[in-house]
$ cat query.cif   # mmCIF, C-alpha atoms
data_protein
loop_
_atom_site.label_atom_id
_atom_site.label_comp_id
_atom_site.auth_asym_id
_atom_site.auth_seq_id
_atom_site.Cartn_x
_atom_site.Cartn_y
_atom_site.Cartn_z
CA MET U 20 91.01 93.82 94.45
CA LYS U 21 88.03 91.63 95.22
CA ARG U 22 88.27 91.30 98.97
CA LYS U 23 85.00 90.81 100.80
CA ILE U 24 83.50 93.71 102.69
CA ALA U 25 82.34 92.36 106.04
CA VAL U 26 79.10 93.68 107.46
CA ALA U 27 78.65 93.11 111.18
CA ALA U 28 75.75 90.78 111.88
CA ALA U 29 74.63 92.93 114.76
CA LEU U 30 74.49 96.11 112.70
CA ALA U 31 70.73 96.19 112.30
CA ALA U 32 70.15 95.64 116.00
CA THR U 33 72.49 98.41 117.04
CA LEU U 34 71.79 100.77 114.14
CA PHE U 35 70.42 103.59 116.20
CA GLY U 36 72.04 102.88 119.54
CA ALA U 37 75.69 103.63 118.83
CA ALA U 38 77.76 105.80 116.57
CA ALA U 39 78.91 104.22 113.30
CA CYS U 40 82.43 104.20 111.86
CA GLY U 41 84.23 107.41 112.66
CA GLY U 42 81.47 108.37 115.08
CA SER U 43 81.67 111.10 117.69
CA ASP U 44 79.33 113.07 119.88
CA ALA U 45 77.17 115.40 117.84
CA GLU U 46 78.62 118.85 117.44
CA GLU U 47 76.67 121.64 119.01
CA GLY U 48 73.93 122.74 116.61
CA ALA U 49 74.26 119.69 114.34
CA THR U 50 71.37 117.29 113.84
CA SER U 51 72.22 113.89 115.30
CA ALA U 52 71.37 110.58 113.67
CA ASN U 53 72.02 108.87 117.01
CA ALA U 54 69.50 110.83 119.08
CA LYS U 55 67.03 108.46 120.72
CA VAL U 56 63.74 109.91 119.54
CA ASP U 57 60.36 108.29 120.07
CA GLY U 58 58.79 108.45 116.64
CA ALA U 59 55.47 106.83 117.55
CA GLY U 60 52.62 108.61 115.79
CA LYS U 61 54.98 110.53 113.48
CA THR U 62 55.41 110.14 109.72
CA LEU U 63 58.46 111.24 107.78
CA LYS U 64 58.06 112.56 104.26
CA VAL U 65 60.95 111.46 102.04
CA TRP U 66 61.59 112.64 98.49
CA LEU U 67 63.65 110.23 96.40
CA MET U 68 64.20 110.32 92.67
CA VAL U 69 62.40 107.79 90.51
CA ASP U 70 65.59 105.71 90.04
CA ALA U 71 65.10 104.31 93.54
CA GLU U 72 61.57 103.19 92.73
CA THR U 73 62.50 101.47 89.48
CA ALA U 74 65.88 99.99 90.38
CA TRP U 75 66.16 99.40 94.15
CA LYS U 76 62.76 99.85 95.78
CA SER U 77 63.46 96.81 97.99
CA VAL U 78 66.46 98.64 99.49
CA VAL U 79 64.22 101.60 100.34
CA GLU U 80 61.67 99.28 101.92
CA ASP U 81 64.25 97.34 103.95
CA ALA U 82 65.87 100.49 105.36
CA THR U 83 62.45 101.92 106.17
CA LYS U 84 61.38 98.76 107.99
CA ARG U 85 64.55 98.78 110.11
CA PHE U 86 64.02 102.47 110.84
CA THR U 87 60.36 101.97 111.82
CA ASP U 88 61.20 98.96 114.01
CA ALA U 89 63.78 101.08 115.86
CA THR U 90 61.84 104.33 116.21
CA GLY U 91 58.14 103.63 115.77
CA ALA U 92 57.91 106.33 113.09
CA GLN U 93 56.32 105.72 109.71
CA VAL U 94 57.76 106.84 106.37
CA LYS U 95 55.99 108.14 103.29
CA VAL U 96 58.30 107.99 100.26
CA GLU U 97 57.36 110.22 97.33
CA TYR U 98 59.26 109.51 94.11
CA GLN U 99 60.21 112.54 92.05
CA GLN U 100 61.00 113.06 88.35
CA TRP U 101 64.33 114.59 87.33
CA ALA U 102 62.65 116.86 84.78
CA ASN U 103 60.91 119.11 87.32
CA HIS U 104 62.28 118.24 90.76
CA LEU U 105 64.19 121.49 91.36
CA THR U 106 61.25 123.69 90.40
CA LYS U 107 59.01 121.64 92.69
CA LEU U 108 61.55 121.74 95.52
CA ASP U 109 61.99 125.52 95.31
CA ALA U 110 58.24 126.03 95.52
CA THR U 111 57.90 123.57 98.41
CA LEU U 112 60.76 124.99 100.46
CA ALA U 113 59.17 128.44 100.22
CA GLY U 114 56.20 127.09 102.17
CA SER U 115 55.80 125.28 105.48
CA ASP U 116 54.76 121.76 104.38
CA VAL U 117 58.22 120.50 103.44
CA PRO U 118 59.68 117.01 102.99
CA ASP U 119 61.93 115.89 105.83
CA VAL U 120 64.49 114.16 103.58
CA VAL U 121 65.38 115.18 100.04
CA GLU U 122 67.57 113.57 97.39
CA LEU U 123 69.43 115.87 94.99
CA GLY U 124 72.12 115.32 92.40
CA ASN U 125 75.58 115.96 93.84
CA THR U 126 76.13 119.02 91.63
CA GLU U 127 72.73 120.41 92.64
CA PHE U 128 73.33 120.36 96.38
CA SER U 129 75.74 123.28 96.74
CA LYS U 130 73.14 125.93 95.94
CA TYR U 131 70.84 124.70 98.71
CA VAL U 132 73.66 124.33 101.22
CA PHE U 133 74.67 127.94 100.68
CA ASN U 134 71.11 129.30 100.89
CA GLY U 135 70.40 127.49 104.16
CA GLY U 136 67.91 124.97 102.79
CA PHE U 137 69.40 121.99 104.65
CA ALA U 138 70.21 121.31 108.29
CA GLU U 139 73.72 120.67 109.56
CA LEU U 140 74.40 116.99 110.28
CA ASN U 141 76.92 115.28 112.52
CA LYS U 142 79.11 113.52 109.96
CA GLY U 143 80.46 110.95 112.42
CA ASP U 144 77.00 109.51 113.01
CA PHE U 145 76.90 107.97 109.53
CA GLU U 146 78.54 104.68 108.68
CA ASN U 147 81.60 104.85 106.39
CA SER U 148 81.67 108.65 106.67
CA ASP U 149 85.44 108.58 106.93
CA THR U 150 85.61 106.93 103.48
CA TRP U 151 82.82 108.73 101.61
CA LEU U 152 83.50 109.26 97.91
CA SER U 153 85.01 112.73 97.66
CA GLY U 154 83.22 113.30 94.35
CA LEU U 155 79.94 113.13 96.29
CA SER U 156 80.87 114.47 99.71
CA GLY U 157 82.48 117.62 98.28
CA ALA U 158 79.03 119.11 97.77
CA CYS U 159 78.09 118.44 101.40
CA GLU U 160 80.91 120.28 103.14
CA LEU U 161 80.95 123.99 103.93
CA ASP U 162 83.28 125.72 106.40
CA GLY U 163 84.03 122.45 108.15
CA LYS U 164 80.37 121.48 108.58
CA THR U 165 78.34 118.73 106.87
CA TYR U 166 74.93 119.29 105.31
CA CYS U 167 74.23 116.11 103.34
CA VAL U 168 75.15 112.43 103.10
CA PRO U 169 76.46 110.71 99.95
CA TYR U 170 73.97 108.21 98.53
CA TYR U 171 75.13 106.57 95.27
CA ALA U 172 77.39 107.36 92.33
CA GLY U 173 78.25 106.75 88.69
CA ALA U 174 81.78 107.10 87.31
CA ARG U 175 83.43 107.94 84.00
CA VAL U 176 85.45 105.21 82.32
CA LEU U 177 87.44 104.53 79.15
CA ILE U 178 85.19 102.98 76.49
CA TYR U 179 86.93 101.34 73.54
CA ARG U 180 86.45 99.27 70.37
CA LYS U 181 87.41 95.66 71.04
CA ASP U 182 87.58 94.84 67.33
CA LEU U 183 89.92 97.73 66.56
CA TYR U 184 92.10 96.86 69.55
CA GLU U 185 92.46 93.32 68.23
CA LYS U 186 93.19 94.52 64.71
CA ALA U 187 95.89 96.86 66.06
CA GLY U 188 97.48 94.09 68.15
CA ILE U 189 96.42 95.60 71.49
CA THR U 190 95.80 92.65 73.78
CA GLU U 191 94.40 94.30 76.90
CA ALA U 192 92.92 97.52 78.23
CA PRO U 193 95.48 100.19 79.24
CA LYS U 194 96.86 99.78 82.75
CA THR U 195 98.89 103.03 82.74
CA TYR U 196 98.56 106.40 81.05
CA ALA U 197 101.54 105.46 78.87
CA ASP U 198 99.62 102.34 77.79
CA PHE U 199 96.65 104.54 76.91
CA LEU U 200 98.78 106.78 74.69
CA ALA U 201 100.43 103.76 73.08
CA ALA U 202 97.01 102.30 72.28
CA ALA U 203 95.90 105.63 70.81
CA GLU U 204 99.00 105.70 68.59
CA LYS U 205 98.37 102.19 67.28
CA LEU U 206 94.70 102.93 66.61
CA GLN U 207 95.55 106.14 64.80
CA THR U 208 98.14 104.46 62.62
CA GLY U 209 95.90 101.52 61.81
CA ASN U 210 92.96 103.71 60.78
CA ALA U 211 94.78 106.48 58.95
CA ALA U 212 92.69 105.90 55.82
CA ASP U 213 89.58 107.18 57.64
CA LYS U 214 90.03 110.95 57.70
CA LYS U 215 87.24 111.28 60.28
CA PHE U 216 88.78 108.73 62.64
CA SER U 217 89.55 109.76 66.22
CA ALA U 218 91.80 107.40 68.12
CA VAL U 219 90.42 109.19 71.20
CA TYR U 220 87.16 111.04 70.60
CA MET U 221 87.44 114.09 72.89
CA PRO U 222 85.14 117.12 72.39
CA GLY U 223 87.01 120.37 72.92
CA GLN U 224 84.71 121.78 75.60
CA TYR U 225 84.55 118.60 77.68
CA TRP U 226 85.71 120.37 80.83
CA TYR U 227 84.93 117.48 83.18
CA ALA U 228 87.57 115.47 81.28
CA ALA U 229 90.10 118.30 81.01
CA MET U 230 89.87 119.04 84.71
CA SER U 231 90.29 115.32 85.50
CA TRP U 232 93.64 115.55 83.70
CA VAL U 233 94.42 118.67 85.77
CA LYS U 234 93.59 116.78 88.95
CA SER U 235 95.79 113.87 87.85
CA SER U 236 98.83 116.17 87.98
CA GLY U 237 97.98 117.53 91.41
CA GLY U 238 96.35 120.68 90.08
CA GLU U 239 93.22 122.48 91.25
CA ILE U 240 90.61 124.71 89.66
CA ALA U 241 90.35 127.14 92.58
CA LYS U 242 90.81 127.16 96.33
CA LYS U 243 89.73 129.37 99.19
CA GLU U 244 92.39 131.54 100.82
CA GLY U 245 90.97 133.32 103.84
CA ASP U 246 87.61 134.70 102.72
CA LYS U 247 88.55 134.85 99.02
CA TRP U 248 88.53 132.27 96.25
CA VAL U 249 91.68 132.14 94.13
CA GLY U 250 91.90 130.45 90.72
CA GLN U 251 94.61 127.79 90.56
CA LEU U 252 94.75 126.88 86.87
CA SER U 253 97.96 128.89 86.41
CA SER U 254 99.82 126.78 88.95
CA PRO U 255 102.59 124.55 87.53
CA GLN U 256 100.67 121.39 88.46
CA SER U 257 97.45 122.56 86.82
CA GLN U 258 99.24 123.67 83.67
CA GLU U 259 101.04 120.33 83.49
CA GLY U 260 97.75 118.42 83.58
CA LEU U 261 96.09 120.81 81.17
CA GLN U 262 98.99 120.50 78.73
CA LYS U 263 98.74 116.68 78.88
CA TRP U 264 95.07 116.86 77.97
CA VAL U 265 95.66 119.41 75.21
CA ASP U 266 98.51 117.39 73.67
CA MET U 267 96.46 114.19 73.69
CA THR U 268 93.36 115.88 72.27
CA LYS U 269 95.21 117.71 69.50
CA LYS U 270 97.01 114.55 68.41
CA TYR U 271 94.30 111.92 68.63
CA SER U 272 90.87 113.60 68.40
CA LYS U 273 88.93 114.89 65.41
CA ALA U 274 86.01 115.97 67.61
CA ASP U 275 84.62 119.48 67.31
CA VAL U 276 86.62 121.79 69.59
CA THR U 277 83.53 123.96 70.13
CA LYS U 278 81.29 121.12 71.36
CA ASN U 279 80.86 119.44 74.74
CA GLU U 280 80.40 115.78 75.55
CA ASN U 281 76.60 115.65 75.39
CA GLU U 282 76.50 113.99 71.96
CA GLN U 283 79.73 111.99 72.11
CA ALA U 284 78.14 108.54 72.50
CA GLY U 285 75.91 109.10 69.48
CA ILE U 286 78.80 110.34 67.34
CA PHE U 287 81.06 107.48 68.47
CA ALA U 288 78.26 105.11 67.47
CA GLN U 289 78.82 106.10 63.83
CA GLY U 290 82.01 104.05 63.82
CA SER U 291 84.88 106.50 63.34
CA GLY U 292 86.41 106.28 66.78
CA GLY U 293 88.68 104.00 68.76
CA MET U 294 88.15 105.19 72.35
CA PHE U 295 86.21 107.79 74.30
CA TYR U 296 85.95 108.87 77.93
CA GLY U 297 82.40 108.76 79.21
CA ASN U 298 79.95 107.74 81.89
CA ALA U 299 79.73 103.97 82.17
CA TRP U 300 76.17 104.02 80.83
CA GLU U 301 77.36 105.70 77.62
CA GLN U 302 78.66 102.35 76.40
CA GLY U 303 75.07 101.18 76.08
CA SER U 304 74.04 104.47 74.50
CA ALA U 305 76.74 104.11 71.86
CA GLU U 306 75.79 100.51 71.07
CA GLU U 307 72.04 101.13 70.84
CA THR U 308 70.01 104.23 70.12
CA ARG U 309 66.32 105.08 70.06
CA LYS U 310 64.56 104.63 66.72
CA ASP U 311 62.91 107.98 67.44
CA PRO U 312 65.29 110.09 69.56
CA ASN U 313 62.39 112.30 70.66
CA ASP U 314 60.36 109.37 72.00
CA PRO U 315 61.74 107.73 75.18
CA ASN U 316 59.48 104.73 74.56
CA SER U 317 60.70 104.21 71.01
CA PRO U 318 62.42 100.83 70.47
CA LEU U 319 66.20 100.58 70.64
CA VAL U 320 68.07 99.84 67.43
CA PRO U 321 71.69 98.66 67.14
CA THR U 322 74.40 101.03 65.89
CA LYS U 323 77.60 100.35 63.95
CA VAL U 324 79.43 99.53 67.19
CA LYS U 325 76.85 97.15 68.65
CA GLY U 326 78.67 94.34 70.47
CA LYS U 327 82.08 95.85 69.71
CA LEU U 328 82.65 97.92 72.85
CA ALA U 329 84.30 97.28 76.19
CA ALA U 330 85.16 99.50 79.14
CA ALA U 331 87.98 99.91 81.64
CA PRO U 332 89.00 102.45 84.27
CA MET U 333 90.88 105.37 82.72
CA PRO U 334 94.37 104.79 84.15
CA GLU U 335 95.84 107.46 86.40
CA ILE U 336 92.95 109.87 85.78
CA PRO U 337 90.56 110.62 88.71
CA SER U 338 86.89 110.53 87.81
CA PHE U 339 84.35 113.28 88.11
CA LEU U 340 81.37 111.46 89.61
CA GLY U 341 77.72 111.83 88.89
CA GLY U 342 75.37 110.73 91.64
CA SER U 343 73.10 111.81 94.46
CA ASN U 344 73.20 112.96 98.08
CA LEU U 345 70.57 113.10 100.82
CA GLY U 346 69.83 115.96 103.18
CA VAL U 347 67.47 116.94 106.01
CA THR U 348 65.56 120.11 105.21
CA GLN U 349 66.08 123.03 107.56
CA LYS U 350 62.31 123.44 107.95
CA SER U 351 61.76 119.79 108.89
CA ALA U 352 59.96 119.34 112.21
CA ASN U 353 61.54 115.87 112.56
CA LYS U 354 65.24 116.50 111.99
CA GLU U 355 66.61 113.78 114.28
CA LEU U 356 64.25 111.15 112.88
CA ALA U 357 65.07 112.24 109.34
CA ALA U 358 68.79 111.87 110.03
CA GLN U 359 68.16 108.40 111.46
CA TRP U 360 66.32 107.33 108.30
CA ILE U 361 69.23 108.56 106.15
CA LYS U 362 71.58 106.65 108.43
CA ALA U 363 69.67 103.41 107.76
CA PHE U 364 69.38 104.09 104.04
CA THR U 365 73.10 104.76 103.60
CA ASP U 366 74.60 102.10 105.88
CA SER U 367 76.60 99.15 104.56
CA LYS U 368 73.54 96.88 104.39
CA SER U 369 71.72 99.33 102.15
CA MET U 370 74.86 99.97 100.10
CA GLU U 371 75.19 96.26 99.39
CA GLY U 372 71.62 96.34 98.09
CA LEU U 373 72.55 99.19 95.76
CA ILE U 374 75.56 97.24 94.51
CA LYS U 375 73.30 94.32 93.59
CA ALA U 376 71.12 96.83 91.70
CA ASN U 377 74.19 98.00 89.70
CA ALA U 378 74.72 101.32 91.48
CA LEU U 379 78.00 102.43 93.03
CA PRO U 380 78.04 102.71 96.84
CA ASN U 381 78.92 105.92 98.68
CA SER U 382 82.23 104.75 100.18
CA THR U 383 85.66 103.81 98.88
CA ALA U 384 85.68 101.04 101.49
CA LEU U 385 82.85 99.32 99.59
CA LEU U 386 84.20 99.70 96.05
CA ASP U 387 86.05 96.37 96.07
CA LYS U 388 82.74 94.72 96.88
CA ALA U 389 81.14 96.65 94.02
CA ALA U 390 83.94 95.52 91.69
CA GLU U 391 82.74 91.92 92.20
CA ASN U 392 79.63 92.85 90.21
CA PRO U 393 80.67 92.61 86.53
CA ALA U 394 78.05 95.16 85.49
CA ILE U 395 79.72 97.94 87.50
CA ALA U 396 83.25 96.61 88.04
CA ASN U 397 85.03 99.16 85.85
CA ALA U 398 83.05 102.08 87.22
CA ALA U 399 83.78 100.89 90.77
CA LEU U 400 87.51 100.85 90.11
CA ALA U 401 87.34 104.26 88.45
CA ALA U 402 85.45 105.74 91.42
CA LYS U 403 88.29 104.97 93.84
CA SER U 404 89.82 108.31 92.88
CA SER U 405 87.28 111.10 92.37
CA TRP U 406 86.94 114.86 92.63
CA PHE U 407 84.38 117.66 92.88
CA PRO U 408 84.44 121.27 91.58
CA PRO U 409 85.16 124.10 94.05
CA ASN U 410 82.30 124.18 96.55
CA ALA U 411 81.84 127.92 96.15
CA GLU U 412 78.53 129.75 96.31
CA LYS U 413 78.99 131.22 92.82
CA TRP U 414 80.50 128.16 91.13
CA ALA U 415 77.30 127.62 89.13
CA ASP U 416 77.90 131.05 87.60
CA VAL U 417 81.35 129.95 86.44
CA GLU U 418 79.75 126.99 84.69
CA LYS U 419 76.94 129.13 83.30
CA GLY U 420 79.49 131.61 81.96
CA ASN U 421 81.33 128.84 80.05
CA VAL U 422 84.65 129.99 81.49
CA LEU U 423 86.39 126.61 81.31
CA GLN U 424 84.78 125.73 78.00
CA THR U 425 85.97 128.98 76.42
CA MET U 426 89.48 128.50 77.81
CA LEU U 427 89.72 125.00 76.34
CA THR U 428 88.51 126.05 72.88
CA ASP U 429 90.87 129.04 72.86
CA ILE U 430 93.82 126.78 73.68
CA LEU U 431 92.92 124.06 71.18
CA THR U 432 92.44 126.57 68.35
CA GLY U 433 95.72 128.34 69.13
CA LYS U 434 94.04 131.57 70.16
CA LYS U 435 95.77 131.29 73.54
CA SER U 436 98.66 129.28 74.93
CA VAL U 437 98.04 127.02 77.89
CA ALA U 438 99.62 129.60 80.19
CA ASP U 439 97.60 132.50 78.77
CA GLY U 440 94.38 130.51 78.72
CA ALA U 441 94.87 129.43 82.33
CA LYS U 442 95.68 132.99 83.40
CA TRP U 443 92.54 134.31 81.68
CA ALA U 444 90.38 131.59 83.27
CA ASP U 445 91.81 132.30 86.73
CA GLU U 446 90.91 135.98 86.33
CA GLN U 447 87.34 135.09 85.33
CA ILE U 448 87.03 132.60 88.19
CA ASN U 449 88.33 135.12 90.74
CA THR U 450 85.90 137.79 89.58
CA THR U 451 82.90 135.46 89.51
CA LEU U 452 83.47 133.56 92.76
CA ASN U 453 84.25 136.70 94.78
CA GLU U 454 81.37 138.84 93.52
CA ALA U 455 79.44 140.41 96.37
#
$ encode --input "query.cif" --output "structure tokens"
Amino acid sequence: MKRKIAVAAALAATLFGAAACGGSDAEEGATSANAKVDGAGKTLKVWLMVDAETAWKSVVEDATKRFTDATGAQVKVEYQQWANHLTKLDATLAGSDVPDVVELGNTEFSKYVFNGGFAELNKGDFENSDTWLSGLSGACELDGKTYCVPYYAGARVLIYRKDLYEKAGITEAPKTYADFLAAAEKLQTGNAADKKFSAVYMPGQYWYAAMSWVKSSGGEIAKKEGDKWVGQLSSPQSQEGLQKWVDMTKKYSKADVTKNENEQAGIFAQGSGGMFYGNAWEQGSAEETRKDPNDPNSPLVPTKVKGKLAAAPMPEIPSFLGGSNLGVTQKSANKELAAQWIKAFTDSKSMEGLIKANALPNSTALLDKAAENPAIANAALAAKSSWFPPNAEKWADVEKGNVLQTMLTDILTGKKSVADGAKWADEQINTTLNEA
């Protein structure tokens, strides 16, 4: 599991002269990262989110230096805030003075791919493109073409109470789904006196989790057939996964069936839970909280579970990834140079820098290397199997309409069976995704 990932010593010298892993000649119309462009006198404008400035600025600087040495072009990096970056981007793209490279969250990219905001790229030009994390690259692909490059990721893991495991006689983290259910049973039995106790705290509208269970059984949310999207939740595989999630949630969770996962770490912090499924960073959120939740600069204070939590990959359940991708804007006057900068910033050398900064790399081929870093080991193992929602133009409307959330609550409350709930959701998905 911890094999070394070799990085060719000559990589930096040949970065822009030859195609990387899986490389091929650029497709007609696609922007090439291998084009030999003289960048002397030119300056790229790059928009990265503030995480890069605070956590791995040296990686940005190293990639930029290698890029400048190879092309002669300069780079101006402007760090953006998550709170207003989409509003700012929309306003900027409407004009003519646009950034050449833009970072967006993986779930944010689809909208801009569909509306033509980003240029097509030649996927084979980018190192490790044949092993990109599917939970990131799914947002980049449309009709067989590529419009962005995976950058970094975060994965969901199983977070559990070490002290309650020990008390229940559970000696190690679950290695199989059967182990997970056995641990839940022991926790539930051992804490039966606490009527609020959830062996597995699972909010009823946590659709990212429910759909991960669907994916684990080979199911899908929807797929494109010809020029139409068709909901797939009624398929036998999808219903099998959905039923597994429903059975587990009904038996082991006391979480509100009408709530999502946004507050789960804070509720788990109150001490009446054995396990929950969350982003790796939620372990820290559960152990410590802000003295004033409305003040991001307020000091952290320990909770009832401080020092009592551990994490492990959720066995047999693929992870929905958070993270970011990078794209070249369609209005960029320096598309080839922009693609070359992305190539440098997402190659194995840069990815190893991200690993040292506790971020997950963009490729499954680098996850064993990431697993050598104890701070991200569990997330790295979880990210080996990942997924992305249907990359449909109207998918955001499905989310906005709470289709999956409503289905899950209806099933958990007994308003609908799994079959009826899935059938209803498929109908809503078909209508929404195929709207003219």
$ closest_residue --input "query.cif" --among "U:Gly297, U:Lys61, U:Glu355, U:Thr268" --to "Asp144 of chain U" --atoms "only C-alpha atoms"
U:Glu355
$ resolve_selection --input "query.cif" --expression "the PyMOL selection byres ((chain U and resi 136) around 8)" --output "CSV table (one decimal) with C-alpha atoms, in the coordinates of the input"
chain,number,residue,atom,x,y,z
U,112,LEU,CA,60.8,125.0,100.5
U,131,TYR,CA,70.8,124.7,98.7
U,132,VAL,CA,73.7,124.3,101.2
U,133,PHE,CA,74.7,127.9,100.7
U,134,ASN,CA,71.1,129.3,100.9
U,135,GLY,CA,70.4,127.5,104.2
U,137,PHE,CA,69.4,122.0,104.6
U,138,ALA,CA,70.2,121.3,108.3
U,348,THR,CA,65.6,120.1,105.2
U,349,GLN,CA,66.1,123.0,107.6
U,350,LYS,CA,62.3,123.4,108.0
$ closest_atom_pairs --input "query.cif" --of "segment 69-165 of chain U" --to "segment 358-371 of chain U" --cutoff "12 Å" --atoms "all atoms listed in the file" --output "Markdown table"
| residue | atom | partner | partner_atom | distance |
| --- | --- | --- | --- | --- |
| U:Ala71 | CA | U:Phe364 | CA | 11.3 |
| U:Trp75 | CA | U:Ser369 | CA | 9.7 |
| U:Lys76 | CA | U:Ser369 | CA | 11.0 |
| U:Ser77 | CA | U:Ser369 | CA | 9.6 |
| U:Val78 | CA | U:Ser369 | CA | 5.9 |
| U:Val79 | CA | U:Phe364 | CA | 6.8 |
| U:Glu80 | CA | U:Phe364 | CA | 9.3 |
| U:Asp81 | CA | U:Ser369 | CA | 7.9 |
| U:Ala82 | CA | U:Phe364 | CA | 5.2 |
| U:Thr83 | CA | U:Trp360 | CA | 7.0 |
| U:Lys84 | CA | U:Ala363 | CA | 9.5 |
| U:Arg85 | CA | U:Ala363 | CA | 7.3 |
| U:Phe86 | CA | U:Trp360 | CA | 5.9 |
| U:Thr87 | CA | U:Trp360 | CA | 8.8 |
| U:Asp88 | CA | U:Trp360 | CA | 11.4 |
| U:Ala89 | CA | U:Gln359 | CA | 9.6 |
| U:Thr90 | CA | U:Gln359 | CA | 8.9 |
| U:Gly91 | CA | U:Trp360 | CA | 11.7 |
| U:Ala92 | CA | U:Trp360 | CA | 9.7 |
| U:Gln93 | CA | U:Trp360 | CA | 10.2 |
| U:Val94 | CA | U:Trp360 | CA | 8.8 |
| U:Lys95 | CA | U:Trp360 | CA | 11.5 |
| U:Val96 | CA | U:Trp360 | CA | 11.4 |
| U:Asp119 | CA | U:Ala358 | CA | 9.0 |
| U:Val120 | CA | U:Ile361 | CA | 7.8 |
| U:Val121 | CA | U:Ile361 | CA | 9.8 |
| U:Glu122 | CA | U:Ile361 | CA | 10.2 |
| U:Phe137 | CA | U:Ala358 | CA | 11.5 |
| U:Ala138 | CA | U:Ala358 | CA | 9.7 |
| U:Glu139 | CA | U:Ala358 | CA | 10.1 |
| U:Leu140 | CA | U:Ala358 | CA | 7.6 |
| U:Asn141 | CA | U:Ala358 | CA | 9.2 |
| U:Lys142 | CA | U:Lys362 | CA | 10.3 |
| U:Gly143 | CA | U:Lys362 | CA | 10.6 |
| U:Asp144 | CA | U:Lys362 | CA | 7.7 |
| U:Phe145 | CA | U:Lys362 | CA | 5.6 |
| U:Glu146 | CA | U:Asp366 | CA | 5.5 |
| U:Asn147 | CA | U:Asp366 | CA | 7.5 |
| U:Ser148 | CA | U:Asp366 | CA | 9.7 |
| U:Thr150 | CA | U:Ser367 | CA | 12.0 |
| U:Trp151 | CA | U:Thr365 | CA | 10.7 |
$ residues_around --input "query.cif" --residues "Ala389 of chain U" --least-positions-apart "4" --cutoff "12 Å" --atoms "only C-alpha atoms" --output "compact mmCIF listing (two decimals) with C-alpha atoms, in the coordinates of the input"
# COMPACT_ATOMS: atom_id res chain seq x y z
CA MET U 20 91.01 93.82 94.45
CA LYS U 21 88.03 91.63 95.22
CA ARG U 22 88.27 91.30 98.97
CA LYS U 23 85.00 90.81 100.80
CA ILE U 24 83.50 93.71 102.69
CA TYR U 171 75.13 106.57 95.27
CA ALA U 172 77.39 107.36 92.33
CA GLY U 173 78.25 106.75 88.69
CA SER U 367 76.60 99.15 104.56
CA MET U 370 74.86 99.97 100.10
CA GLU U 371 75.19 96.26 99.39
CA GLY U 372 71.62 96.34 98.09
CA LEU U 373 72.55 99.19 95.76
CA ILE U 374 75.56 97.24 94.51
CA LYS U 375 73.30 94.32 93.59
CA ALA U 376 71.12 96.83 91.70
CA ASN U 377 74.19 98.00 89.70
CA ALA U 378 74.72 101.32 91.48
CA LEU U 379 78.00 102.43 93.03
CA PRO U 380 78.04 102.71 96.84
CA ASN U 381 78.92 105.92 98.68
CA SER U 382 82.23 104.75 100.18
CA THR U 383 85.66 103.81 98.88
CA ALA U 384 85.68 101.04 101.49
CA LEU U 385 82.85 99.32 99.59
CA PRO U 393 80.67 92.61 86.53
CA ALA U 394 78.05 95.16 85.49
CA ILE U 395 79.72 97.94 87.50
CA ALA U 396 83.25 96.61 88.04
CA ASN U 397 85.03 99.16 85.85
CA ALA U 398 83.05 102.08 87.22
CA ALA U 399 83.78 100.89 90.77
CA LEU U 400 87.51 100.85 90.11
CA ALA U 401 87.34 104.26 88.45
CA ALA U 402 85.45 105.74 91.42
CA LYS U 403 88.29 104.97 93.84
$ closest_residue --input "query.cif" --among "U:Asn125, U:Ser272, U:Thr322, U:Thr432" --to "Leu152 of chain U" --atoms "only C-alpha atoms"
U:Asn125
$ resolve_selection --input "query.cif" --expression "the PyMOL selection byres ((chain U and resi 192) around 10)" --output "ChimeraX atom specification"
/U:177-179,181,184,189-191,193-195,198-199,202,329-334
$ atom_distance --input "query.cif" --atom1 "atom CA of Thr450 of chain U" --atom2 "atom CA of Val265 of chain U"
25.3 Å
$ resolve_selection --input "query.cif" --expression "the PyMOL selection byres ((chain U and resi 421) around 12)" --output "short mmCIF file (atom, residue, chain, number, x, y, z; two decimals) with C-alpha atoms, in the coordinates of the input"
data_model
loop_
_atom_site.label_atom_id
_atom_site.label_comp_id
_atom_site.auth_asym_id
_atom_site.auth_seq_id
_atom_site.Cartn_x
_atom_site.Cartn_y
_atom_site.Cartn_z
CA GLN U 224 84.71 121.78 75.60
CA TYR U 225 84.55 118.60 77.68
CA TRP U 226 85.71 120.37 80.83
CA THR U 277 83.53 123.96 70.13
CA LYS U 278 81.29 121.12 71.36
CA ASN U 279 80.86 119.44 74.74
CA TRP U 414 80.50 128.16 91.13
CA ALA U 415 77.30 127.62 89.13
CA ASP U 416 77.90 131.05 87.60
CA VAL U 417 81.35 129.95 86.44
CA GLU U 418 79.75 126.99 84.69
CA LYS U 419 76.94 129.13 83.30
CA GLY U 420 79.49 131.61 81.96
CA VAL U 422 84.65 129.99 81.49
CA LEU U 423 86.39 126.61 81.31
CA GLN U 424 84.78 125.73 78.00
CA THR U 425 85.97 128.98 76.42
CA MET U 426 89.48 128.50 77.81
CA LEU U 427 89.72 125.00 76.34
CA THR U 428 88.51 126.05 72.88
CA ASP U 429 90.87 129.04 72.86
CA ALA U 444 90.38 131.59 83.27
CA GLN U 447 87.34 135.09 85.33
CA ILE U 448 87.03 132.60 88.19
CA THR U 451 82.90 135.46 89.51
#
$ atom_distance --input "query.cif" --atom1 "atom CA of Gly250 of chain U" --atom2 "atom CA of Ser404 of chain U"
22.3 Å
$ atom_distance --input "query.cif" --atom1 "atom CA of Lys435 of chain U" --atom2 "atom CA of Val233 of chain U"
17.6 Å
